[in-house]
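**Q** Dropping in protein_18.tsv, with TSV, C-alpha atoms and all ligand atoms.
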```tsv
chain	number	residue	atom	x	y	z
N	8	MET	CA	185.28	-38.39	200.46
N	9	ARG	CA	186.67	-41.38	202.32
N	10	ILE	CA	189.81	-40.88	204.40
N	11	LEU	CA	192.07	-43.58	205.82
N	12	VAL	CA	193.69	-42.76	209.18
N	13	THR	CA	196.40	-44.77	210.94
N	14	ALA	CA	196.75	-44.30	214.69
N	15	GLY	CA	198.37	-45.61	217.84
N	16	PRO	CA	201.47	-47.75	218.30
N	17	THR	CA	202.22	-51.15	216.82
N	18	ARG	CA	203.53	-54.07	218.86
N	19	GLU	CA	206.26	-56.50	217.91
N	20	TYR	CA	206.33	-59.72	219.92
N	21	LEU	CA	209.55	-61.34	221.20
N	22	ASP	CA	207.69	-64.39	222.42
N	23	ASP	CA	204.05	-65.16	223.20
N	24	VAL	CA	203.88	-62.77	226.17
N	25	ARG	CA	206.41	-59.96	225.59
N	26	TYR	CA	206.49	-57.23	223.02
N	27	ILE	CA	208.32	-54.07	221.99
N	28	SER	CA	206.20	-50.99	221.41
N	29	ASN	CA	206.12	-47.25	222.19
N	30	ALA	CA	204.16	-44.81	224.34
N	31	SER	CA	201.80	-43.57	221.62
N	32	SER	CA	198.31	-42.97	223.07
N	33	GLY	CA	196.55	-42.82	219.69
N	34	ARG	CA	195.01	-39.45	220.67
N	35	MET	CA	196.19	-37.57	217.58
N	36	GLY	CA	194.86	-40.14	215.10
N	37	TYR	CA	191.59	-40.58	216.99
N	38	ALA	CA	191.08	-36.79	217.18
N	39	ILE	CA	191.70	-36.57	213.42
N	40	THR	CA	189.19	-39.35	212.82
N	41	GLN	CA	186.59	-37.51	214.92
N	42	ALA	CA	187.29	-34.23	213.10
N	43	ILE	CA	186.83	-35.97	209.72
N	44	LEU	CA	183.46	-37.36	210.86
N	45	ASN	CA	182.40	-33.99	212.30
N	46	ALA	CA	183.15	-32.39	208.93
N	47	GLY	CA	180.82	-34.88	207.24
N	48	TYR	CA	183.35	-37.20	205.56
N	49	GLU	CA	183.85	-40.95	205.86
N	50	ALA	CA	186.68	-42.06	208.14
N	51	VAL	CA	188.39	-45.45	208.08
N	52	LEU	CA	190.52	-45.89	211.20
N	53	VAL	CA	193.30	-48.49	211.38
N	54	SER	CA	194.62	-48.51	214.91
N	55	GLY	CA	197.20	-50.28	217.01
N	56	PRO	CA	196.29	-51.11	220.63
N	57	VAL	CA	195.19	-48.02	222.62
N	58	SER	CA	192.79	-47.39	225.49
N	59	LEU	CA	190.51	-45.06	223.49
N	60	ALA	CA	187.10	-46.00	222.10
N	61	PRO	CA	186.91	-45.66	218.30
N	62	PRO	CA	184.88	-42.58	217.30
N	63	ILE	CA	181.26	-43.52	216.60
N	64	GLY	CA	180.64	-43.62	212.87
N	65	ALA	CA	184.19	-44.53	211.87
N	66	GLU	CA	184.91	-47.80	210.05
N	67	PHE	CA	187.27	-49.38	212.56
N	68	HIS	CA	190.06	-51.91	212.00
N	69	ALA	CA	192.07	-53.01	215.04
N	70	VAL	CA	195.59	-54.26	214.38
N	71	GLU	CA	198.50	-55.18	216.59
N	72	SER	CA	201.69	-55.69	214.58
N	73	THR	CA	203.22	-53.56	211.83
N	74	ASP	CA	202.68	-56.41	209.35
N	75	GLN	CA	198.96	-56.44	210.21
N	76	MET	CA	198.75	-52.65	209.82
N	77	MET	CA	200.46	-52.99	206.45
N	78	GLN	CA	198.09	-55.69	205.20
N	79	VAL	CA	194.91	-53.89	206.31
N	80	CYS	CA	196.05	-50.49	204.98
N	81	GLN	CA	197.07	-51.89	201.60
N	82	GLU	CA	193.63	-53.48	201.25
N	83	LEU	CA	191.76	-50.32	202.29
N	84	PHE	CA	193.82	-47.62	200.57
N	85	PRO	CA	192.58	-48.25	196.98
N	86	HIS	CA	189.03	-47.58	198.24
N	87	CYS	CA	189.95	-44.27	199.92
N	88	ASP	CA	190.68	-40.80	198.55
N	89	GLY	CA	193.53	-40.00	200.91
N	90	VAL	CA	195.42	-41.16	203.96
N	91	ILE	CA	196.56	-39.46	207.16
N	92	ALA	CA	199.31	-41.54	208.77
N	93	ALA	CA	199.40	-40.60	212.45
N	94	ALA	CA	200.46	-44.04	213.73
N	95	ALA	CA	203.68	-44.45	215.71
N	96	VAL	CA	204.76	-47.59	213.90
N	97	CYS	CA	207.57	-49.71	215.42
N	98	ASP	CA	210.71	-49.35	213.33
N	99	TYR	CA	212.22	-52.65	214.45
N	100	LYS	CA	210.94	-56.10	215.24
N	101	PRO	CA	212.66	-59.16	216.69
N	102	HIS	CA	214.33	-61.23	213.96
N	103	ARG	CA	212.09	-64.10	214.98
N	104	ARG	CA	209.30	-64.61	217.49
N	105	ILE	CA	210.00	-67.40	219.97
N	106	ALA	CA	207.07	-69.73	220.60
N	107	GLY	CA	206.10	-69.85	224.29
N	108	LYS	CA	208.09	-67.77	226.79
N	109	ILE	CA	211.80	-66.99	226.84
N	110	SER	CA	213.21	-68.20	230.19
N	111	LYS	CA	215.75	-66.33	232.28
N	112	THR	CA	219.30	-67.65	231.99
N	113	GLY	CA	221.00	-65.62	234.72
N	114	SER	CA	223.07	-63.84	232.05
N	115	PRO	CA	222.44	-60.80	229.87
N	116	ILE	CA	220.70	-61.50	226.58
N	117	SER	CA	220.76	-59.52	223.37
N	118	LEU	CA	217.99	-59.15	220.85
N	119	ASP	CA	218.48	-59.55	217.15
N	120	MET	CA	216.22	-56.92	215.55
N	121	ILE	CA	215.36	-56.21	211.94
N	122	GLU	CA	213.55	-53.24	210.40
N	123	THR	CA	209.80	-53.45	209.96
N	124	ASP	CA	208.25	-52.65	206.60
N	125	ASP	CA	207.21	-49.02	206.12
N	126	VAL	CA	203.41	-48.80	205.85
N	127	LEU	CA	203.34	-45.22	204.62
N	128	ALA	CA	206.07	-45.79	202.02
N	129	ALA	CA	204.11	-48.79	200.71
N	130	LEU	CA	200.97	-46.64	200.38
N	131	GLY	CA	203.13	-44.02	198.66
N	132	LYS	CA	204.00	-46.64	196.05
N	133	GLN	CA	200.31	-47.60	195.67
N	134	LYS	CA	199.31	-43.92	195.24
N	135	LYS	CA	197.24	-43.03	192.17
N	136	SER	CA	195.10	-39.89	192.46
N	137	HIS	CA	195.15	-40.15	196.24
N	138	TRP	CA	196.62	-37.51	198.47
N	139	ILE	CA	198.94	-38.56	201.28
N	140	LEU	CA	199.62	-36.76	204.52
N	141	GLY	CA	202.36	-38.23	206.68
N	142	PHE	CA	203.59	-37.40	210.16
N	143	ALA	CA	207.25	-36.95	211.07
N	144	LEU	CA	208.39	-37.23	214.67
N	145	GLU	CA	211.73	-35.44	214.82
N	146	ALA	CA	214.16	-34.65	217.62
N	147	GLN	CA	216.91	-33.02	215.52
N	148	ASN	CA	217.38	-31.53	212.00
N	149	GLU	CA	213.62	-31.40	212.14
N	150	ARG	CA	212.59	-29.77	208.85
N	151	GLU	CA	215.32	-31.44	206.83
N	152	ASN	CA	214.47	-34.91	208.14
N	153	ALA	CA	210.74	-34.32	207.74
N	154	LEU	CA	211.22	-33.24	204.12
N	155	GLN	CA	213.33	-36.32	203.39
N	156	LYS	CA	210.55	-38.49	204.81
N	157	LEU	CA	207.93	-36.67	202.72
N	158	ARG	CA	209.95	-37.45	199.58
N	159	ARG	CA	210.93	-41.01	200.51
N	160	LYS	CA	207.32	-41.92	201.29
N	161	ASN	CA	205.76	-40.03	198.36
N	162	CYS	CA	203.63	-37.75	200.58
N	163	ASN	CA	201.94	-34.53	199.47
N	164	TRP	CA	202.38	-32.98	202.91
N	165	ILE	CA	203.97	-33.92	206.20
N	166	VAL	CA	203.09	-32.86	209.74
N	167	LEU	CA	206.23	-32.22	211.74
N	168	ASN	CA	205.91	-32.86	215.44
N	169	ARG	CA	208.29	-33.60	218.26
N	170	PRO	CA	208.81	-36.38	220.82
N	171	ASP	CA	206.91	-34.45	223.53
N	172	ALA	CA	203.75	-35.10	221.47
N	173	ILE	CA	203.89	-38.79	222.35
N	174	ALA	CA	201.29	-39.69	224.99
N	175	SER	CA	200.48	-36.00	225.56
N	176	GLU	CA	197.07	-34.27	225.51
N	177	LYS	CA	198.58	-31.46	223.44
N	178	ASN	CA	200.60	-31.06	220.29
N	179	SER	CA	202.44	-28.31	218.45
N	180	VAL	CA	202.91	-29.00	214.75
N	181	GLU	CA	204.03	-27.54	211.46
N	182	LEU	CA	202.66	-28.61	208.09
N	183	LEU	CA	205.32	-28.85	205.37
N	184	ASP	CA	204.76	-29.12	201.63
N	185	GLU	CA	206.90	-30.76	198.94
N	186	THR	CA	209.30	-27.80	198.87
N	187	GLY	CA	209.91	-28.01	202.61
N	188	SER	CA	208.07	-24.75	203.30
N	189	THR	CA	205.98	-24.44	206.44
N	190	ILE	CA	202.51	-23.79	205.06
N	191	ALA	CA	200.64	-23.91	208.39
N	192	ALA	CA	201.35	-24.26	212.10
N	193	TRP	CA	198.95	-25.19	214.88
N	194	ALA	CA	199.26	-25.72	218.62
N	195	GLY	CA	196.91	-26.70	221.41
N	196	THR	CA	194.96	-29.78	222.36
N	197	LYS	CA	195.12	-32.64	219.88
N	198	THR	CA	191.40	-32.08	219.25
N	199	HIS	CA	192.11	-28.47	218.27
N	200	VAL	CA	195.10	-29.40	216.07
N	201	ALA	CA	193.02	-32.14	214.40
N	202	GLU	CA	190.17	-29.70	213.65
N	203	GLN	CA	192.60	-27.20	212.14
N	204	LEU	CA	194.24	-29.92	210.06
N	205	VAL	CA	190.94	-31.21	208.68
N	206	GLU	CA	189.80	-27.64	207.97
N	207	TRP	CA	193.05	-27.10	206.04
N	208	LEU	CA	192.56	-30.36	204.12
N	209	GLU	CA	189.02	-29.33	203.22
N	210	LYS	CA	190.40	-26.28	201.50
N	211	ASN	CA	193.48	-27.84	199.96
N	212	ALA	CA	193.01	-31.56	199.35
N	213	ILE	CA	189.38	-32.50	199.59
N	214	SER	CA	188.49	-30.14	196.74
N	215	THR	CA	190.61	-32.33	194.39
N	216	GLU	CA	188.89	-35.07	192.39
N	217	PRO	CA	188.26	-38.32	194.27
N	218	ASN	CA	190.00	-41.41	192.86
N	219	GLN	CA	186.79	-43.26	192.06
N	301	LIG	N1	205.56	-45.00	209.28
N	301	LIG	C1	204.99	-46.14	208.74
N	301	LIG	N2	205.62	-47.35	208.85
N	301	LIG	C2	206.80	-47.45	209.49
N	301	LIG	C3	207.41	-46.30	210.08
N	301	LIG	C4	206.75	-45.08	209.96
N	301	LIG	O1	203.91	-46.03	208.15
N	301	LIG	N3	207.39	-48.65	209.59
N	301	LIG	C5	204.90	-43.69	209.08
N	301	LIG	C6	204.39	-43.00	210.34
N	301	LIG	O2	203.04	-43.34	210.59
N	301	LIG	C7	204.54	-41.52	209.96
N	301	LIG	C8	205.76	-41.52	209.04
N	301	LIG	O3	205.87	-42.83	208.52
N	301	LIG	O4	203.43	-41.05	209.22
N	301	LIG	C9	207.06	-41.10	209.68
N	301	LIG	O5	207.25	-41.80	210.88
N	301	LIG	P1	208.49	-41.48	211.83
N	301	LIG	O6	208.42	-42.40	213.02
N	301	LIG	O7	208.60	-40.01	212.06
N	301	LIG	O8	209.74	-41.84	210.91
N	301	LIG	P2	210.42	-43.17	210.43
N	301	LIG	O9	210.12	-43.34	208.97
N	301	LIG	O10	210.03	-44.29	211.33
N	301	LIG	O11	211.97	-42.83	210.54
N	301	LIG	P3	212.87	-42.54	211.86
N	301	LIG	O12	212.25	-43.31	213.00
N	301	LIG	O13	214.21	-43.04	211.45
N	301	LIG	O14	212.84	-41.06	212.09
```
Take the structure in the file and give it back as structure tokens.
Ligand code: CTP

**A**
Amino acid sequence: MRILVTAGPTREYLDDVRYISNASSGRMGYAITQAILNAGYEAVLVSGPVSLAPPIGAEFHAVESTDQMMQVCQELFPHCDGVIAAAAVCDYKPHRRIAGKISKTGSPISLDMIETDDVLAALGKQKKSHWILGFALEAQNERENALQKLRRKNCNWIVLNRPDAIASEKNSVELLDETGSTIAAWAGTKTHVAEQLVEWLEKNAISTEPNQ
């Protein structure tokens, strides 16, 4: 069993020195990767820039932008049995990256932003016999929005968590299935939540036939 994990933030550059990103620490994805390895499975970690060391034994792919995460994940996914998408991917990127450094003008400036491509939705389209577990970070209409994401991105399950999970040591999550039912809930350190999640997957996903 070979499991792809996405983790950390992505960065979208405005010019050669400035970028837009988010406060994701990568802890959740790294803890999941460690839990996968501890359970005796292969872990392939695709991570945006974080200050954590990749778990020893994981196949590690460092990326920076959403486009890079997309390219690497699309290459790796066909050779994996499932994916856990814990990355906090930037939703927007500057319309174009300016070469060099934008100089101050003394006046306000505005940024022209466009949506990034959705890595998880692209993997959802590539899905064959894989299983897909997404994350949904929701501040309102939590279950409804999470279920819509599960469907839009062709996930089997989605982990609902909330903005206070970002950059925290702890997390409190619910696992939703395709009907929108909460089928599990875990809280505690991200290490604990990751162990519970992998234990749940062992019983409910990893017993299914691998794709190759
Ligand atoms: N995701 C992704 N690529 C994106 C945006 C999100 O792969 N460009 C993945 C995340 O890794 C997560 C899931 O999609 O597994 C949901 O991410 P979330 O930030 O909750 O939702 P968005 O789809 O970005 O929608 P919104 O920000 O509008 O809630």

**Q** Report the distance between atom CA of N:Tyr48 and atom CA of N:Lys197 in Å, rounded to one decimal place.

**A**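 For atom CA of N:Tyr48 relative to atom CA of N:Lys197, the distance reads 19.1 Å.
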
**Q** Using Å and a single decimal, report how far atom O13 of ligand LIG 301 (chain N) sits from atom CA of N:Ile165.

**A**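 Rounded to one decimal, the two atoms are 14.7 Å apart.
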
**Q** May I ask you to write as a short mmCIF file (atom, residue, chain, number, x, y, z; two decimals) with C-alpha atoms, in the frame of the given file all residues lying at most 6 Å from ligand LIG 301 (chain N), with only C-alpha atoms and all ligand atoms counted?

**A**
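File out11.cif, as written:
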```cif
data_model
loop_
_atom_site.label_atom_id
_atom_site.label_comp_id
_atom_site.auth_asym_id
_atom_site.auth_seq_id
_atom_site.Cartn_x
_atom_site.Cartn_y
_atom_site.Cartn_z
CA ALA N 92 199.31 -41.54 208.77
CA ALA N 93 199.40 -40.60 212.45
CA ALA N 94 200.46 -44.04 213.73
CA ALA N 95 203.68 -44.45 215.71
CA VAL N 96 204.76 -47.59 213.90
CA CYS N 97 207.57 -49.71 215.42
CA ASP N 98 210.71 -49.35 213.33
CA THR N 123 209.80 -53.45 209.96
CA ASP N 124 208.25 -52.65 206.60
CA ASP N 125 207.21 -49.02 206.12
CA VAL N 126 203.41 -48.80 205.85
CA LEU N 127 203.34 -45.22 204.62
CA GLY N 141 202.36 -38.23 206.68
CA PHE N 142 203.59 -37.40 210.16
CA ALA N 143 207.25 -36.95 211.07
CA LEU N 144 208.39 -37.23 214.67
#
```

**Q** At a cut-off of 10 Å, using all atoms listed in the file, what residues contact stretch 167-184 of chain N? Leave out same-chain residues fewer than 3 positions from it and give the result as an NGL selection string.

**A** :N and (15 or 29-35 or 95 or 140-147 or 149-150 or 152-154 or 157 or 162-164 or 187-201 or 204 or 207)

**Q** Measuring atom to atom with all atoms listed in the file, identify which of N:Ala212, N:Ile139, N:Ile27, N:Met8 is nearest to N:Val90.

**A**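 Going through N:Ala212, N:Ile139, N:Ile27, N:Met8 one by one, the smallest distance to N:Val90 is for N:Ile139.
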
**Q** Of the residues N:His137, N:Gln155, N:Asp23, N:Val70, which is the one nearest to N:Ala106, using all atoms listed in the file?

**A**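 So, comparing all the options, the nearest one is N:Asp23.
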
**Q** Using all atoms listed in the file, which residue out of N:Leu118, N:Cys87, N:Ala46, N:Leu52 lies closest to N:Lys100?

**A**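 Smallest distance to N:Lys100 is found for N:Leu118.
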
**Q** In Å to one decimal, how far is atom CA of N:Asp119 from atom CA of N:Gly131?

**A**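 Between atom CA of N:Gly131 and atom CA of N:Asp119 the gap is 28.6 Å.
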
**Q** Using all atoms listed in the file, which residue out of N:Ile10, N:Val24, N:Glu202, N:Gln133 lies closest to N:Glu82?

**A**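 Closest to N:Glu82, using all atoms listed in the file: N:Gln133.
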
**Q** Which residue, N:Glu49, N:Asp88, N:Asp74, N:Glu19, has the smallest gap to N:Ala129 when you use all atoms listed in the file?

**A**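 Result for the nearest residue to N:Ala129: N:Asp74.
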
**Q** Quick one: residues within 12 Å of N:Ser110, all atoms listed in the file counted, chain neighbours fewer than 4 positions away excluded, as a PyMOL selection string?

**A** chain N and resi 21-25+105-106+114-116

**Q** Of the residues N:Ile91, N:Tyr37, N:Gly55, N:Gln81, which is the one nearest to N:Val12, using only C-alpha atoms?

**A**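 Going through N:Ile91, N:Tyr37, N:Gly55, N:Gln81 one by one, the smallest distance to N:Val12 is for N:Ile91.
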
**Q** Mind rebuilding stretch 22-37 of chain N with N, CA, C and O atoms and writing that out as a PDB file, in the coordinates of the input?

**A**
```pdb
ATOM      1  N   ASP N  22     208.191 -63.035 222.186  1.00  0.00           N
ATOM      2  CA  ASP N  22     207.690 -64.390 222.420  1.00  0.00           C
ATOM      3  C   ASP N  22     206.176 -64.253 222.592  1.00  0.00           C
ATOM      4  O   ASP N  22     205.608 -63.219 222.221  1.00  0.00           O
ATOM      5  N   ASP N  23     205.513 -65.233 223.166  1.00  0.00           N
ATOM      6  CA  ASP N  23     204.050 -65.160 223.200  1.00  0.00           C
ATOM      7  C   ASP N  23     203.512 -64.178 224.234  1.00  0.00           C
ATOM      8  O   ASP N  23     202.312 -63.886 224.253  1.00  0.00           O
ATOM      9  N   VAL N  24     204.372 -63.672 225.117  1.00  0.00           N
ATOM     10  CA  VAL N  24     203.880 -62.770 226.170  1.00  0.00           C
ATOM     11  C   VAL N  24     204.551 -61.393 226.187  1.00  0.00           C
ATOM     12  O   VAL N  24     204.072 -60.481 226.849  1.00  0.00           O
ATOM     13  N   ARG N  25     205.670 -61.224 225.496  1.00  0.00           N
ATOM     14  CA  ARG N  25     206.410 -59.960 225.590  1.00  0.00           C
ATOM     15  C   ARG N  25     206.490 -59.286 224.234  1.00  0.00           C
ATOM     16  O   ARG N  25     206.658 -59.962 223.219  1.00  0.00           O
ATOM     17  N   TYR N  26     206.402 -57.961 224.284  1.00  0.00           N
ATOM     18  CA  TYR N  26     206.490 -57.230 223.020  1.00  0.00           C
ATOM     19  C   TYR N  26     207.273 -55.947 223.193  1.00  0.00           C
ATOM     20  O   TYR N  26     207.452 -55.447 224.302  1.00  0.00           O
ATOM     21  N   ILE N  27     207.691 -55.388 222.049  1.00  0.00           N
ATOM     22  CA  ILE N  27     208.320 -54.070 221.990  1.00  0.00           C
ATOM     23  C   ILE N  27     207.297 -53.138 221.366  1.00  0.00           C
ATOM     24  O   ILE N  27     206.613 -53.501 220.395  1.00  0.00           O
ATOM     25  N   SER N  28     207.178 -51.935 221.948  1.00  0.00           N
ATOM     26  CA  SER N  28     206.200 -50.990 221.410  1.00  0.00           C
ATOM     27  C   SER N  28     206.673 -49.576 221.734  1.00  0.00           C
ATOM     28  O   SER N  28     207.871 -49.346 221.920  1.00  0.00           O
ATOM     29  N   ASN N  29     205.769 -48.628 221.793  1.00  0.00           N
ATOM     30  CA  ASN N  29     206.120 -47.250 222.190  1.00  0.00           C
ATOM     31  C   ASN N  29     204.948 -46.646 222.936  1.00  0.00           C
ATOM     32  O   ASN N  29     203.894 -47.269 223.061  1.00  0.00           O
ATOM     33  N   ALA N  30     205.129 -45.421 223.411  1.00  0.00           N
ATOM     34  CA  ALA N  30     204.160 -44.810 224.340  1.00  0.00           C
ATOM     35  C   ALA N  30     203.020 -44.075 223.634  1.00  0.00           C
ATOM     36  O   ALA N  30     202.269 -43.338 224.279  1.00  0.00           O
ATOM     37  N   SER N  31     202.870 -44.272 222.331  1.00  0.00           N
ATOM     38  CA  SER N  31     201.800 -43.570 221.620  1.00  0.00           C
ATOM     39  C   SER N  31     200.431 -43.864 222.249  1.00  0.00           C
ATOM     40  O   SER N  31     200.090 -45.025 222.495  1.00  0.00           O
ATOM     41  N   SER N  32     199.643 -42.806 222.478  1.00  0.00           N
ATOM     42  CA  SER N  32     198.310 -42.970 223.070  1.00  0.00           C
ATOM     43  C   SER N  32     197.236 -43.166 222.008  1.00  0.00           C
ATOM     44  O   SER N  32     196.115 -43.554 222.317  1.00  0.00           O
ATOM     45  N   GLY N  33     197.546 -42.795 220.758  1.00  0.00           N
ATOM     46  CA  GLY N  33     196.550 -42.820 219.690  1.00  0.00           C
ATOM     47  C   GLY N  33     195.702 -41.561 219.621  1.00  0.00           C
ATOM     48  O   GLY N  33     194.884 -41.396 218.724  1.00  0.00           O
ATOM     49  N   ARG N  34     195.901 -40.630 220.576  1.00  0.00           N
ATOM     50  CA  ARG N  34     195.010 -39.450 220.670  1.00  0.00           C
ATOM     51  C   ARG N  34     194.980 -38.629 219.386  1.00  0.00           C
ATOM     52  O   ARG N  34     193.922 -38.171 218.973  1.00  0.00           O
ATOM     53  N   MET N  35     196.155 -38.425 218.774  1.00  0.00           N
ATOM     54  CA  MET N  35     196.190 -37.570 217.580  1.00  0.00           C
ATOM     55  C   MET N  35     195.366 -38.190 216.458  1.00  0.00           C
ATOM     56  O   MET N  35     194.508 -37.526 215.868  1.00  0.00           O
ATOM     57  N   GLY N  36     195.591 -39.467 216.186  1.00  0.00           N
ATOM     58  CA  GLY N  36     194.860 -40.140 215.100  1.00  0.00           C
ATOM     59  C   GLY N  36     193.369 -40.236 215.379  1.00  0.00           C
ATOM     60  O   GLY N  36     192.543 -40.079 214.468  1.00  0.00           O
ATOM     61  N   TYR N  37     193.016 -40.478 216.650  1.00  0.00           N
ATOM     62  CA  TYR N  37     191.590 -40.580 216.990  1.00  0.00           C
ATOM     63  C   TYR N  37     190.916 -39.204 216.885  1.00  0.00           C
ATOM     64  O   TYR N  37     189.769 -39.094 216.440  1.00  0.00           O
TER      65      TYR N  37
END
```
